[in-house]
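See below for the structure under consideration.
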Amino acid sequence: MRIPSLIILLVLIAALTLSAFSTIQAAPDSESYQAPISGPRGSSAAPFTPGACDTLSFAPPVSFAIGLQTRPYSVAVGDFNVDGIQDLAVAIYSWDNRPDAVSILLGNGSGAFGAATNFNAGPGPFFVVVGDFNHDDKQDLAVANGDSNSVSIFLGDGSGSFGAATDFGVGDGPRSIAVGDFNQDDMQDLAVANGNSNNVSILLGNGSGGFSAATNFGAGNGPFSVAVGDFNSDGKQDLSVANSDSDNISIMLGNGSGSFGAATNFGVAGTTPVSIAVGDFNRDGIQDLAVAKLNCCDNIAILLGNGSGGFETATNFGVGSRSFSIAVGDFNGDGIQDLAVALVFSSHVAILSG
């Protein structure tokens with residue numbers, strides 16, 4: 001399934017590694033307002049204190065071309081030419097009979113980027129992440145190809161260029177990728193959320209840029225986003241998955257050998273969760289989750305972890321419009337995690353200060 005073009009640019013916010021909630025400023029031309037809080041914890045027990053942080057703002061956006069008649073679906077940040085300046089990798093779908101591709105824009109350190117250089121990917125590139133898959137200290141790319149049920153691996157040469165893609169099969173309709181080390185061998189592995197086959201594919205890296213055949217683990221219906229964490233505090237990486245069609249999230253606890261237990265599902269107090277991010281929003285040293293919901297409620301959900309792999313009932317925080325992507329950062333430098341949320345029908349990004 002193709003995502004409508006109105007949504008496409010907003011998915012970019014997730015990969016920028018920008019979590020929580022009191023004052024929101026969606027854009028310079030909108031008013032700041034207190035985030036309404038709902039859920040079983042109530043406002044007094046919520047992990048954020050209304051009014052505790054200053055209102056945030058950002059400069060107006062600046063656009064950079066990546067080619068005519070293309071749809072940018074996802075963006076990731078890296079340093080692809082090893083100059084200490086951040087660059088961008090953008091997964092783009094072309095509809096004018098040109099190859100689908102990944103676009104590389106090299107940064108100049110002043111907030112601008114050079115002309116895009118494109119590298120052919122598989123059909124329907126939907127999501128891109130950065131890793132180092134061959135242990136050469138040069139950044140590589142992994143791209144989920146939604147129309148060919150594969151992941152493309154691009155090995156970087158350190159000059160801003162990449163070798164030809166090598167494809168690895170996954171489940172049906174890959175939507176999202178997360179990088180981890182699931183078998184604890186110090187080699188990067190991949191977890192891929194497959195929206196049509198209702199599972200997550202695990203590809204174990206061999207350290208030379210290759211991956212094992214995918215092993216699939218069942219999730220909910222319509223997995224759309226996957227994130228890595230350690231939810232039971234055992235030092236082994238686990239997975240959290242946003243299931244857009246079953247209106248819940250799945251937690252899959254890892255055993256440290258590359259395998260995962262059966263999914264345990266938790267509700268999100270709404271419908272169509274499409275993006276999930278890991279943080280520690282109440283500063284108890286236990287990982288929590290933030291979830292963006294596309295077709296419901298004009299709010300996002302926070303699920304506080306209990307440290308044993310379980311989560312409390314979701315608490316909602318209003319963002320004023322429907323959300324498509326969510327990311328965690330500390331945008332006001334107070335040491336408390338904040339959230340950036342892409343608002344799909346308002347053409348704004350909301351910043352929720354912790």
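Residue numbering restarts at 1 in every chain; chains get A, B, ... in the order shown in the structure tokens, and ligands count up from 1 in that same order.
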Quick one: residues within 8 Å of Ala242 of chain A, only C-alpha atoms, excluding same-chain residues fewer than 3 positions away - as a list in words? Pro223, Phe224, Ser225, Val226, Asn248, Ile249, Ser250, Pro273, Val274, Ser275, Ile276 and Val291 of chain A
Which residues come within 9 Å of Ala263 of chain A, counting only C-alpha atoms, excluding same-chain residues fewer than 2 positions away, as a VMD selection string? chain A and resid 217 to 220 250 to 253 260 to 261 265
Quick one: residues within 8 Å of segment 177-194 of chain A, only C-alpha atoms counted, chain neighbours fewer than 3 positions away excluded, as a ChimeraX atom specification? /A:127-129,131-133,135,142-144,170-174,197-207,211,222-228,236-238,241,254,256-259
Shortest contact to Phe113 of chain A, candidates A:Ile326, A:Ile351, A:Leu339, A:Val62, atoms counted only C-alpha atoms, goes to A:Val62
Among segment 92-339 of chain A, which ones does DSSP place in strand (DSSP E), written as a PyMOL selection string? chain A and resi 92-94+101-105+117-120+125-131+140-145+150-154+166-169+174-180+189-194+199-203+215-218+223-229+238-243+248-252+264-267+273-279+288-293+299-303+315-318+323-329+338-339
Written file, previous selection with C-alpha atoms, as a compact mmCIF listing (two decimals), in the first residue's frame:
```
# COMPACT_ATOMS: atom_id res chain seq x y z
CA ILE A 92 12.75 8.07 -2.66
CA TYR A 93 10.09 6.45 -4.80
CA SER A 94 9.96 7.64 -8.41
CA ALA A 101 16.68 5.19 -5.32
CA VAL A 102 18.42 6.48 -2.25
CA SER A 103 19.44 10.13 -2.50
CA ILE A 104 22.59 11.35 -0.73
CA LEU A 105 22.90 15.03 0.18
CA THR A 117 23.46 11.96 -5.79
CA ASN A 118 21.16 8.99 -6.37
CA PHE A 119 21.89 5.28 -5.93
CA ASN A 120 19.46 2.72 -7.29
CA PRO A 125 12.08 2.11 -1.09
CA PHE A 126 10.15 3.01 2.03
CA PHE A 127 12.62 3.40 4.91
CA VAL A 128 16.37 3.96 5.29
CA VAL A 129 18.72 3.51 8.27
CA VAL A 130 22.46 4.03 8.80
CA GLY A 131 24.86 1.38 10.11
CA ASP A 140 26.54 2.07 5.24
CA LEU A 141 22.81 2.11 4.46
CA ALA A 142 19.95 -0.39 4.76
CA VAL A 143 16.76 0.33 2.80
CA ALA A 144 13.40 -1.41 3.15
CA ASN A 145 11.89 -1.98 -0.31
CA SER A 150 13.61 -7.04 0.32
CA VAL A 151 16.22 -4.96 2.10
CA SER A 152 18.97 -3.29 0.06
CA ILE A 153 22.41 -2.90 1.65
CA PHE A 154 24.65 -0.12 0.36
CA THR A 166 22.88 -6.08 -2.43
CA ASP A 167 19.37 -7.30 -1.67
CA PHE A 168 18.21 -9.66 1.08
CA GLY A 169 14.72 -11.11 1.28
CA PRO A 174 8.60 -4.13 4.70
CA ARG A 175 7.81 -0.77 6.29
CA SER A 176 10.55 -0.05 8.85
CA ILE A 177 14.07 -1.15 9.85
CA ALA A 178 15.93 -1.00 13.15
CA VAL A 179 19.62 -1.78 13.67
CA GLY A 180 20.71 -3.85 16.67
CA ASP A 189 21.85 -7.02 12.69
CA LEU A 190 18.53 -5.82 11.25
CA ALA A 191 14.92 -6.03 12.41
CA VAL A 192 12.35 -5.34 9.68
CA ALA A 193 8.64 -4.71 10.30
CA ASN A 194 6.61 -6.34 7.51
CA ASN A 199 5.73 -10.31 11.31
CA VAL A 200 9.21 -8.99 11.94
CA SER A 201 12.17 -10.33 9.97
CA ILE A 202 15.51 -10.71 11.76
CA LEU A 203 18.64 -10.68 9.59
CA THR A 215 13.95 -15.49 10.43
CA ASN A 216 10.41 -14.26 10.98
CA PHE A 217 8.64 -13.65 14.28
CA GLY A 218 4.93 -12.96 14.52
CA PRO A 223 3.39 -3.90 11.70
CA PHE A 224 4.47 -0.44 10.60
CA SER A 225 7.33 0.61 12.87
CA VAL A 226 9.95 -1.25 14.91
CA ALA A 227 12.34 -0.02 17.60
CA VAL A 228 15.06 -1.69 19.68
CA GLY A 229 15.26 -1.54 23.46
CA ASP A 238 14.26 -6.60 22.65
CA LEU A 239 11.85 -5.25 20.05
CA SER A 240 8.81 -2.99 20.17
CA VAL A 241 6.48 -2.93 17.16
CA ALA A 242 3.63 -0.56 16.28
CA ASN A 243 0.80 -2.57 14.68
CA ASN A 248 -1.69 -2.15 19.59
CA ILE A 249 2.02 -2.58 20.09
CA SER A 250 3.92 -5.85 20.34
CA ILE A 251 6.81 -6.47 22.72
CA MET A 252 9.18 -9.27 21.71
CA THR A 264 2.97 -9.66 24.09
CA ASN A 265 0.54 -6.96 23.00
CA PHE A 266 -0.42 -3.70 24.72
CA GLY A 267 -3.15 -1.27 23.72
CA PRO A 273 -0.27 3.26 15.66
CA VAL A 274 2.30 3.93 12.95
CA SER A 275 5.46 5.05 14.74
CA ILE A 276 7.16 4.00 17.97
CA ALA A 277 10.11 5.44 19.89
CA VAL A 278 11.98 4.34 23.01
CA GLY A 279 12.83 6.70 25.88
CA ASP A 288 9.26 3.58 28.12
CA LEU A 289 7.53 3.94 24.75
CA ALA A 290 6.01 6.83 22.80
CA VAL A 291 3.54 6.00 20.01
CA ALA A 292 2.16 8.14 17.19
CA LYS A 293 -1.39 7.29 16.03
CA ASN A 299 -2.89 12.63 20.49
CA ILE A 300 0.09 10.42 21.10
CA ALA A 301 0.37 7.61 23.66
CA ILE A 302 2.98 7.08 26.37
CA LEU A 303 3.44 3.61 27.87
CA THR A 315 -1.67 7.65 28.74
CA ASN A 316 -2.56 10.10 25.97
CA PHE A 317 -1.13 13.58 25.39
CA GLY A 318 -2.79 15.90 22.91
CA SER A 323 0.30 12.11 14.16
CA PHE A 324 2.38 10.04 11.79
CA SER A 325 5.93 9.91 13.15
CA ILE A 326 7.54 10.42 16.55
CA ALA A 327 11.11 10.86 17.73
CA VAL A 328 12.96 11.46 21.02
CA GLY A 329 15.43 14.24 21.82
CA ASP A 338 11.23 15.73 24.75
CA LEU A 339 9.21 14.56 21.74
```
Would you mind listing what lies within 8 Å of Ser148 of chain A as a ChimeraX atom specification, with only C-alpha atoms counted and same-chain residues fewer than 5 positions away left out? /A:122-124,173
Give me the residues within 9 Å of Gly307 of chain A as a ChimeraX atom specification, counting only C-alpha atoms and dropping any in the same chain fewer than 4 places off. /A:230-233,285-287,311
Go through A:Gly111, A:Ala164, A:Cys297, A:Gln86 and flag the residue nearest Ser63 of chain A, using only C-alpha atoms for the distances. A:Gly111
